[in-house]
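Undergrad: Take a look at this one; I'll ask things after.
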Amino acid sequence: MIAILLKRLGQAAFVAWAVGTVSFLMMRMMSSDMAFRIAAGRYGYDNVDSAAARAVSEELGLDRSAWELYLEWLRDLLHFNLGDSLVSGLPVAHEVGHFLGHSLFLAFVALVLAALLALPVGIYSAVRAHGWFDRLALFASTILRAQPVFVIGLILLLVFALELKLLPVAGFYDLRFVVLPAVALALALAAVSNRVVRHSAFDVIHSAFFRFARVKGLSYGQTFARHGLRNMAVPVIAFMGIQLVSLIEGIVMIESLFSWPGIGHGLAHAIFSRDVPMIQGAALAMGLIFVGLNLVIDIACYVIDPRGRAQA
Amino acid sequence: MNGAQDAVSETGSTMSGARLASNGSRTSVRRVWAHLATGQKTGALMIGALILFALLEALLHPADPALQNLDNTFAAPSWGEPLGTDQFGRSMLARMGEAVRISMFLGLLCTLSSALVGVGLGVLAGWRQGAADRLVSFFVNILLALPGLVLILLMAALAPGSLTMLYVAISLVLWVEYFRVVRAVTRTAVASPQMQASRMLGFGTLYCFKRHVWPAIVTPVLTLAAFGAANSILALAAVGFVYVGLQPPTAELGLMMVELFPYYSDAPWVLAQPVLAVFLMIFAFNLLAGRARR
């Protein structure tokens, strides 16, 4: 348990250092160009001249020595002092906090929807392995996973928002706005995970302990509930840990597509306008969420399956 | 990237691949082809057709993909413009040709370099173990702390619109997959009784590698390579889609999708083209990677 915590803590520290260094390099490599773009971000592209860019450069102290700035930068990072957004002028920590809530909400709804889709489909495919339902599920999964998540979102957007006008297009004002982005994410996640659930359930159903439970007189349903679920849970949960990568990557894409006011949209937007402190804050938040969720998965596996504890 | 999850669900991989590997390096192209499953053949044919399209377009269709003709926007497909024109009257055939060329070129290049680095370091770490293993594994562990796409976005932001930077970033994310798989397989291969016997009989390192290690890693590496190509094409389209990758007027599939999206009701067939191209490329590489059969 301690080892798991230490490993993830080390990763979290790395995320902070890597994001800090990359954003610092970004700051240095584009200093002339950057002052111009920040000025453009502030005043609009039509109102920018080199005087405005120089003013921005002096205000931000872009002309001091590199090492001095780097160490100062890292020290600020350790104190979670993320500075102010270069575009809006508001503290980054405040903006990131605002984004974070929306992203976590979207991720949570998407994960729940994905589980509601993948678990029944996967388990039923395993029970009726090689039947028409199993084949249909395989076909649908193959088609869906050959699709980038933003194309799934694009198609949902075209059909349900623009053609049928059933749901709003983009932004976030009430609960109806979460439907399309969450469904798009959930479809992409479930496309892969229903097959993992199926394989895991298939192995359990065809195992010796499962047959033994049936022989000693339990009904199929009882056997599955008592011996099936827990045994198939470990591979499925471990796999969810791997899928977190696609979840976080999917969030960047889907938030940009639906203008969802979350961290992924914030990151893409900040990169586009070269708002380095915002890039740093958003990337840091995404990395830390990722490490944190991985920790949750590790602990879940630890609690469900006592067998791995000796090694862990 | 989702290579890891693919590898997890595909570890069974293909029976044909395993047989191919055990036959050693004597296999000709024809024998490799005979060992592929039907789905893999379909995938290979689709990839061949896409590459052929991209190359033939460059040779036979001299139109400039960035040349605008504002009198002729959203022309329907015709003999002169088989794929129609976009919102600036640019030839969609020329643009699709360029886009498929960029995606395929980048995908194959990233796959090649990440496979070379990943396999090389994986064999080294799995065989020598000790300090080399700990050092590389340490870097891998820290690389895995950030989701791949976030890392690619950050690096793409360092040099906006640079294909070279995207190539470096995508390869940097992809090699980890090969390293982890190859390292694990090499460890077991090196510890196997067969390998011990070869060592005791006095065979050299190169012979042991060719006889015991290479056959064990070639199948998973080929599977990973097919997924890796799909993932790099996906990553390129993804950064283009959020406007951080290649910049206009370059014809890039993800970028084309965002640019054409506002006009979906005027010309749905134009928006459908990049969407279909991305789908076909990823689908073809997924097919080529093969599927676990139970």
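Ligands are numbered from 1 in the order shown, chains are lettered A, B, ... in the order of the structure tokens, and residues start at 1 in each chain.
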Can you check which parts of chain A lie within 6 Å of chain B? Per residue, the shortest pair of atoms and distance in Å to one decimal, counting only C-alpha atoms, sorted by chain and number, as a tab-separated table.
TA:
residue	atom	partner	partner_atom	distance
A:Gln11	CA	B:Ala145	CA	5.5
A:Met26	CA	B:Leu158	CA	5.2
A:Ala146	CA	B:Phe283	CA	4.8
A:Gln147	CA	B:Phe279	CA	5.5
A:Ile242	CA	B:Gln5	CA	5.9
A:Val245	CA	B:Pro147	CA	5.3
A:Glu249	CA	B:Leu149	CA	5.8
A:Ile271	CA	B:Ala157	CA	5.9
A:Gly287	CA	B:Leu146	CA	5.2
Undergrad: Suppose we keep N, CA and C atoms; can you now write the selection as a PDB file, in the first residue's frame?
TA:
ATOM      1  N   GLN A  11       5.356  10.087  -9.335  1.00  0.00           N
ATOM      2  CA  GLN A  11       4.837  10.474 -10.639  1.00  0.00           C
ATOM      3  C   GLN A  11       4.241  11.877 -10.596  1.00  0.00           C
ATOM      4  N   MET A  26       8.831  26.854 -23.364  1.00  0.00           N
ATOM      5  CA  MET A  26       7.913  27.497 -24.289  1.00  0.00           C
ATOM      6  C   MET A  26       8.033  29.014 -24.181  1.00  0.00           C
ATOM      7  N   ALA A 146     -12.572   2.412 -34.514  1.00  0.00           N
ATOM      8  CA  ALA A 146     -11.815   2.911 -35.659  1.00  0.00           C
ATOM      9  C   ALA A 146     -12.126   4.377 -35.909  1.00  0.00           C
ATOM     10  N   GLN A 147     -12.860   4.968 -35.001  1.00  0.00           N
ATOM     11  CA  GLN A 147     -13.358   6.328 -35.135  1.00  0.00           C
ATOM     12  C   GLN A 147     -12.688   7.177 -34.061  1.00  0.00           C
ATOM     13  N   ILE A 242      -5.955   1.620 -17.550  1.00  0.00           N
ATOM     14  CA  ILE A 242      -5.327   1.895 -18.840  1.00  0.00           C
ATOM     15  C   ILE A 242      -6.221   2.811 -19.665  1.00  0.00           C
ATOM     16  N   VAL A 245      -6.255   6.893 -19.808  1.00  0.00           N
ATOM     17  CA  VAL A 245      -5.533   7.674 -20.802  1.00  0.00           C
ATOM     18  C   VAL A 245      -6.507   8.151 -21.868  1.00  0.00           C
ATOM     19  N   GLU A 249      -7.603  11.986 -22.723  1.00  0.00           N
ATOM     20  CA  GLU A 249      -7.397  12.479 -24.082  1.00  0.00           C
ATOM     21  C   GLU A 249      -8.729  12.807 -24.740  1.00  0.00           C
ATOM     22  N   ILE A 271      -3.109  26.873 -25.423  1.00  0.00           N
ATOM     23  CA  ILE A 271      -2.006  26.584 -26.344  1.00  0.00           C
ATOM     24  C   ILE A 271      -2.174  27.426 -27.592  1.00  0.00           C
ATOM     25  N   GLY A 287      -2.532  16.321 -15.562  1.00  0.00           N
ATOM     26  CA  GLY A 287      -1.571  15.317 -15.127  1.00  0.00           C
ATOM     27  C   GLY A 287      -1.868  14.834 -13.720  1.00  0.00           C
TER      28      GLY A 287
END
Undergrad: If we count only C-alpha atoms and set the cut-off at 9 Å, which residues sit around range 70-83 of chain B, ignoring sequence neighbours fewer than 4 positions away in its own chain? Please answer as a VMD selection string.
TA: chain B and resid 87 to 93 96 266 to 267 269 to 270 273
Undergrad: Take the residues that were just selected and, keeping N, CA, C and O atoms, output them as a PDB file, in the first residue's frame.
TA:
ATOM      1  N   GLN B  87     -14.675  25.341 -49.234  1.00  0.00           N
ATOM      2  CA  GLN B  87     -15.268  26.674 -49.057  1.00  0.00           C
ATOM      3  C   GLN B  87     -14.489  27.776 -49.761  1.00  0.00           C
ATOM      4  O   GLN B  87     -15.001  28.866 -49.947  1.00  0.00           O
ATOM      5  N   PHE B  88     -13.220  27.506 -50.134  1.00  0.00           N
ATOM      6  CA  PHE B  88     -12.451  28.488 -50.897  1.00  0.00           C
ATOM      7  C   PHE B  88     -12.288  28.070 -52.348  1.00  0.00           C
ATOM      8  O   PHE B  88     -11.429  28.588 -53.051  1.00  0.00           O
ATOM      9  N   GLY B  89     -13.069  27.098 -52.770  1.00  0.00           N
ATOM     10  CA  GLY B  89     -12.967  26.630 -54.146  1.00  0.00           C
ATOM     11  C   GLY B  89     -11.707  25.845 -54.423  1.00  0.00           C
ATOM     12  O   GLY B  89     -11.297  25.696 -55.570  1.00  0.00           O
ATOM     13  N   ARG B  90     -11.044  25.344 -53.359  1.00  0.00           N
ATOM     14  CA  ARG B  90      -9.825  24.557 -53.572  1.00  0.00           C
ATOM     15  C   ARG B  90     -10.201  23.135 -53.958  1.00  0.00           C
ATOM     16  O   ARG B  90     -11.218  22.600 -53.500  1.00  0.00           O
ATOM     17  N   SER B  91      -9.353  22.529 -54.770  1.00  0.00           N
ATOM     18  CA  SER B  91      -9.635  21.178 -55.256  1.00  0.00           C
ATOM     19  C   SER B  91      -9.586  20.181 -54.102  1.00  0.00           C
ATOM     20  O   SER B  91      -8.560  20.008 -53.449  1.00  0.00           O
ATOM     21  N   MET B  92     -10.699  19.513 -53.827  1.00  0.00           N
ATOM     22  CA  MET B  92     -10.716  18.548 -52.732  1.00  0.00           C
ATOM     23  C   MET B  92      -9.878  17.331 -53.055  1.00  0.00           C
ATOM     24  O   MET B  92      -9.318  16.693 -52.171  1.00  0.00           O
ATOM     25  N   LEU B  93      -9.791  16.979 -54.350  1.00  0.00           N
ATOM     26  CA  LEU B  93      -8.959  15.827 -54.709  1.00  0.00           C
ATOM     27  C   LEU B  93      -7.501  16.104 -54.336  1.00  0.00           C
ATOM     28  O   LEU B  93      -6.842  15.281 -53.706  1.00  0.00           O
ATOM     29  N   MET B  96      -7.245  16.136 -50.450  1.00  0.00           N
ATOM     30  CA  MET B  96      -7.291  14.804 -49.847  1.00  0.00           C
ATOM     31  C   MET B  96      -6.007  14.046 -50.142  1.00  0.00           C
ATOM     32  O   MET B  96      -5.503  13.308 -49.292  1.00  0.00           O
ATOM     33  N   ASP B 266     -24.305  23.013 -46.222  1.00  0.00           N
ATOM     34  CA  ASP B 266     -24.113  23.409 -47.621  1.00  0.00           C
ATOM     35  C   ASP B 266     -23.526  22.264 -48.437  1.00  0.00           C
ATOM     36  O   ASP B 266     -23.900  22.069 -49.590  1.00  0.00           O
ATOM     37  N   ALA B 267     -22.550  21.561 -47.835  1.00  0.00           N
ATOM     38  CA  ALA B 267     -21.840  20.561 -48.622  1.00  0.00           C
ATOM     39  C   ALA B 267     -21.432  19.388 -47.740  1.00  0.00           C
ATOM     40  O   ALA B 267     -20.258  19.232 -47.414  1.00  0.00           O
ATOM     41  N   TRP B 269     -21.033  16.374 -48.407  1.00  0.00           N
ATOM     42  CA  TRP B 269     -20.078  15.429 -49.009  1.00  0.00           C
ATOM     43  C   TRP B 269     -18.637  15.877 -48.826  1.00  0.00           C
ATOM     44  O   TRP B 269     -17.738  15.054 -48.759  1.00  0.00           O
ATOM     45  N   VAL B 270     -18.415  17.191 -48.698  1.00  0.00           N
ATOM     46  CA  VAL B 270     -17.042  17.661 -48.504  1.00  0.00           C
ATOM     47  C   VAL B 270     -16.580  17.344 -47.089  1.00  0.00           C
ATOM     48  O   VAL B 270     -15.480  16.840 -46.869  1.00  0.00           O
ATOM     49  N   GLN B 273     -15.509  13.717 -46.460  1.00  0.00           N
ATOM     50  CA  GLN B 273     -14.270  13.158 -47.015  1.00  0.00           C
ATOM     51  C   GLN B 273     -13.152  12.981 -45.986  1.00  0.00           C
ATOM     52  O   GLN B 273     -12.626  11.876 -45.850  1.00  0.00           O
TER      53      GLN B 273
END
Undergrad: Pick from A:Leu106, A:Met240, A:Leu162, A:Ala118: nearest to Val296 in chain A, with only C-alpha atoms counted?
TA: A:Met240
Undergrad: Mind checking which residues fall within 10 Å of Phe209 in chain A, counting only C-alpha atoms, ignoring those fewer than 4 positions away in the same chain, and posting them as a ChimeraX atom specification?
TA: /A:204-205,213-215,223,227-228
Undergrad: Include N, CA, C and O atoms and write out the residues we just selected as a PDB file, in the first residue's frame.
TA:
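Writing the result to selection-v6.pdb gives the following:
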ATOM      1  N   VAL A 204     -14.214 -16.434 -16.544  1.00  0.00           N
ATOM      2  CA  VAL A 204     -14.781 -16.820 -15.261  1.00  0.00           C
ATOM      3  C   VAL A 204     -15.838 -17.903 -15.455  1.00  0.00           C
ATOM      4  O   VAL A 204     -15.847 -18.925 -14.761  1.00  0.00           O
ATOM      5  N   ILE A 205     -16.733 -17.701 -16.448  1.00  0.00           N
ATOM      6  CA  ILE A 205     -17.820 -18.653 -16.658  1.00  0.00           C
ATOM      7  C   ILE A 205     -17.274 -20.037 -17.014  1.00  0.00           C
ATOM      8  O   ILE A 205     -17.833 -21.054 -16.637  1.00  0.00           O
ATOM      9  N   ALA A 213     -19.241 -24.510  -8.422  1.00  0.00           N
ATOM     10  CA  ALA A 213     -20.339 -23.845  -7.727  1.00  0.00           C
ATOM     11  C   ALA A 213     -21.682 -24.286  -8.306  1.00  0.00           C
ATOM     12  O   ALA A 213     -22.657 -24.464  -7.584  1.00  0.00           O
ATOM     13  N   ARG A 214     -21.716 -24.488  -9.610  1.00  0.00           N
ATOM     14  CA  ARG A 214     -22.948 -24.959 -10.246  1.00  0.00           C
ATOM     15  C   ARG A 214     -23.247 -26.378  -9.809  1.00  0.00           C
ATOM     16  O   ARG A 214     -24.390 -26.723  -9.491  1.00  0.00           O
ATOM     17  N   VAL A 215     -22.199 -27.232  -9.752  1.00  0.00           N
ATOM     18  CA  VAL A 215     -22.383 -28.638  -9.406  1.00  0.00           C
ATOM     19  C   VAL A 215     -22.893 -28.768  -7.978  1.00  0.00           C
ATOM     20  O   VAL A 215     -23.759 -29.572  -7.678  1.00  0.00           O
ATOM     21  N   THR A 223     -24.517 -18.235  -8.727  1.00  0.00           N
ATOM     22  CA  THR A 223     -23.103 -18.495  -8.981  1.00  0.00           C
ATOM     23  C   THR A 223     -22.422 -17.251  -9.505  1.00  0.00           C
ATOM     24  O   THR A 223     -21.340 -16.863  -9.050  1.00  0.00           O
ATOM     25  N   HIS A 227     -19.571 -15.834  -7.234  1.00  0.00           N
ATOM     26  CA  HIS A 227     -18.219 -16.227  -7.668  1.00  0.00           C
ATOM     27  C   HIS A 227     -17.777 -15.515  -8.931  1.00  0.00           C
ATOM     28  O   HIS A 227     -16.587 -15.437  -9.200  1.00  0.00           O
ATOM     29  N   GLY A 228     -18.744 -15.063  -9.711  1.00  0.00           N
ATOM     30  CA  GLY A 228     -18.387 -14.474 -10.998  1.00  0.00           C
ATOM     31  C   GLY A 228     -17.898 -13.046 -10.878  1.00  0.00           C
ATOM     32  O   GLY A 228     -16.790 -12.719 -11.288  1.00  0.00           O
TER      33      GLY A 228
END
Undergrad: What gap, in Å, lies between CA of Pro62 in chain B and CA of Leu109 in chain B?
TA: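 Straight-line distance from CA of Pro62 in chain B to CA of Leu109 in chain B works out to 25.4 Å.
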Undergrad: Do a neighbour search on range 122-126 of chain A at 7 Å with only C-alpha atoms, toss out local chain neighbours closer than 3 positions, and write the hits as a list of chain:residue names.
TA: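 Selected residues are A:Ala118, A:Leu119, A:Ala129, A:Phe133, A:Asp134, A:Asn194, A:Arg195, A:Val197, A:Arg198, A:His199, A:Ala201, A:Phe202.
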Undergrad: Take the selection from the previous step and output its residues with C-alpha atoms, as a compact mmCIF listing (two decimals), in the first residue's frame.
TA:
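Everything below was put into out-v4.txt:
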# COMPACT_ATOMS: atom_id res chain seq x y z
CA ALA A 118 -20.17 -1.92 -21.32
CA LEU A 119 -21.06 -4.14 -18.36
CA ALA A 129 -20.54 -16.25 -26.63
CA PHE A 133 -25.51 -10.59 -30.01
CA ASP A 134 -21.81 -11.25 -29.40
CA ASN A 194 -17.24 -4.13 -23.39
CA ARG A 195 -14.83 -6.53 -25.11
CA VAL A 197 -15.65 -7.30 -19.83
CA ARG A 198 -16.67 -10.06 -22.23
CA HIS A 199 -13.26 -11.78 -22.18
CA ALA A 201 -16.56 -12.83 -17.89
CA PHE A 202 -15.98 -15.59 -20.46
Undergrad: Taking 4 positions as the minimum chain separation for residues in the same chain, which residues sit within 10 Å of Ala189 in chain B when counting only C-alpha atoms? Answer as a list in words.
TA: Gly126, Trp127, Arg183, Ala184, Val185, Pro193, Gln194, Met195, Gln196, Cys208, Phe209, His212, Val213, Trp214, Pro215, Ala216 and Ile217 of chain B
Undergrad: Here is a test: counting only C-alpha atoms, which residue of A:Gly281, A:Gly221, A:Gly20, A:Pro181 is nearest to Ser103 in chain A?
TA: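 Checking each of A:Gly281, A:Gly221, A:Gly20, A:Pro181 against Ser103 in chain A, counting only C-alpha atoms, the winner is A:Pro181.
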Undergrad: Which distance in Å separates CA of Leu50 in chain B and CA of Arg101 in chain B, to one decimal?
TA: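 Answer for the CA of Leu50 in chain B to CA of Arg101 in chain B separation: 8.9 Å.
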Undergrad: Could you state the separation of CA of Val15 in chain A and CA of Met286 in chain A in Å, given to one decimal place?
TA: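 If I compute the distance from CA of Val15 in chain A to CA of Met286 in chain A, I get 9.4 Å.
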Undergrad: Mind checking DSSP for range 173-270 of chain B and telling me the alpha helix (DSSP H) residues as a PyMOL selection string?
TA: chain B and resi 173-191+193-200+205-208+214-241+253-260+268-270
